[in-house]
Amino acid sequence: MSDHETTPIPRRGFMRAAARAACALGIGGGAAYLVAPRTPGERVWQIDPEKCIACGNCATYCVLRESAVKCVHSFAMCGYCELCTGFFNPSPNDLTTAAENVLCPTGAIVRRFVEDPYFEYTIDQNLCIGCGKCVKGCKMFGNGSLYLQVIHDRCLNCNQCSIAAACPSEAWVRVPAARPHLWKKVT
Amino acid sequence: MNPRGPSLFAALKSDARAAARTALVTGAFAAITAAALLAYHVRGSAEDFIDSAEIADLKSALAADPDNGALKIEIQERDLAIRRAYFAKLARLDRGIYLLLGGVLAFVGSLAWMAFARRAAPKPGAAEPTAAAEARATLSARWSVAALAVIAAGLGAAWAGRSDLAFLDRAVQAIEEAKAPPVLAPPEEIAKQWPRFRGPGGLGVSAYLNVPAEWNGASGAGILWKTPVPISSDNSPVVWGDRIFLSGATKKRREVYCFDAATGALLWTGKVERVPGSKDGPDDIMEDTGYAAPTVATCGRRVYAIFANADLAAFDFDGRRVWARNLGVPENNYGYAASLLVYRHLLIVSYDQAKPEDNKSRFLAFDIRNGKTVWDTVRPVAASWDTPIVITHAGVDQLITCSNPFVIAYAPDTGRELWRADCLNDDVAPSPVYAGGLVLAVNTGAQLSAIKPDGTGDVTKTHILWLAEDGLPDIASPAATDDYVYLLTTHGLLTCYETKTGKLLYEEDTDLSFNASPSIVGDKLYLISTKGVAIILRIGPTYEELGRSELGEGVHASPAFQDGRIYIRGKKHLYCIGAR
């Protein structure tokens, strides 16, 4: 019988290997949990647009460097206004897309001429940081077609959501993962 | 053995110096990357970017000079530069994290390599310890034990020597209080105090008749004490026992003050800071309103304060913060000003804002023990600045609120609407009063309405007993007895009506201006002007001035009346008027 066959695994070596295996399992399991689709019984965070007051906390309180909250647009509700108060500053200098006239700090709203006097507004979600300035502006004079929602491919669904804790209007709610959005409907 | 000697890999594997140098380089790389990431992280927050003061200033300048082409180009260039800097920062942070991760992994790997290269053959059987070595080890062990004993004794002494171990009791007490039924002051006790804006019931009526009618700020006659208030604001004093409460705020600081009624000494200052969701500001507040227009309220065990940024906080009578929360800055063009009131175990907050069709105005009740929302009622009204009152009519408590366009009564324990009357308009700041079985609501944009509070639903056409249109105030609330209603405009016009009929009895121009609401002390009416001149009148069907007293300091707040005393908040000082 050779030495190789008879030499037992040293205790330290065994412990080291076991610890490595446990770490690998932990990392792998955690990653699998994060990427696995949510089952219908689970609940995820969402913003109730009827309660949201667009205070701006969503942009700054998220644990992610770029918030998981972004603006969404209900085209069915939108008035396609030429003077959109979600797009333009109050009393804009001119109705152009120049920086001195627009509200969005990142230029995340794309304004496109449709036909006189209508314009279409689309959110570039790569640029949107969820500050809610457009939401506030839209609510002020418009019908609230711009509103904030949690974007679930970004949200970590923290148990103790730091934005929810800082939300002054208690607009953050848990919703079933199978219906993870609270879309505004045209009534 | 390899006849050609060890391979390059094997040689490197055993080269401890190479491993150490690699560890040094990778460690330094990871440390520099971490430091750079930290520096990037702290350099400019997202808030600075979102609300760039520089861009805001430039836009304001453009609003003043709309045809300035150079300014437009400057805004565009600065805006682009700020956006680029922000997104570049995010991209650098993203890249930096991967660099840091790689650096740390390389560092750990090189440490493992170094450990491998420096491994030594095991040496079974250590050398016999010498007597000297044993003595050194024994001495070292004794010193270690002694040092630990000294540290333990010190910690024990510090613990035992603490004069105030009550914080544990307080923590337990706070938890128990949050669960237990609230301890409420009896109504007869509340009636003796001045627990909210305009005293018990919010009607501006003193429970004491022995209050001074004459004083002079310049000579000090009739002034028991005068003490400076750290931050000037226009909210009114609230008194419970030997404590007087005020609040004060700037754009960045929010404070609650407790003064000793005997000496005027400032007993404590409660700072309202680090409230979740709170922000400084707002920026566009009207100077006359300020950041602490709402008067605090007390239940007799705690004092509650709200500020222009909607920070709501509760302090106990020793100045310890019990709870705090932020409600979100309301849309209010003059700045938030509605004062708080306590009804049983509920802290009532009038949170009117924006326009009626926005459905943003709310009426909220919080549990005084923990600040949790008990009820939250949406109101179909615009922003307002008045403070609700609780009345008891035919044995039923009603919470009366005024706003554009409705006077609405709610059940104070549930927030359910009882009745409403469409009789107000524009900006509503005067608070309602209740006298002679009638709710009296007024503002300049509408009329004075006397409403019978025994209806349900819309009572506009059925329960308004009379209307009047002369001398309508824009800031000061009315004062009323069962016989007379007094209105006081900012420009000093005092108008008196008969409560039962609404008949105009007299109008008198006082030649002064007023922000403070009039108060009733027995058969006397107290008016205090913005320059600190108090007029004391006989309550009756004709104008009969009993005297004037000068404080020597401007006054915007309404006075508080207690046994033999008046507490008046001037623009800079809190005064106690009384006999020595």
# chains A, B, ... in the order shown; residues from 1 in each chain; ligands from 1
call {"tool": "interface_residues", "arguments": {"of": "chain B", "to": "chain A", "cutoff": "10 Å", "atoms": "only C-alpha atoms", "output": "count of residues only"}}
result
56
call {"tool": "atom_distance", "arguments": {"atom1": "atom CA of A:Ala177", "atom2": "atom CA of A:Glu42"}}
result
5.5 Å
call {"tool": "atom_distance", "arguments": {"atom1": "atom CA of A:Val150", "atom2": "atom CA of A:Ala68"}}
result
5.8 Å
call {"tool": "select_by_dssp", "arguments": {"residues": "chain A", "states": "strand (DSSP E)", "output": "VMD selection string"}}
result
chain A and resid 43 to 47 69 to 73 109 to 115 118 to 123 146 to 150 172 to 176
call {"tool": "atom_distance", "arguments": {"atom1": "atom CA of B:Lys452", "atom2": "atom CA of B:Ile475"}}
result
23.7 Å
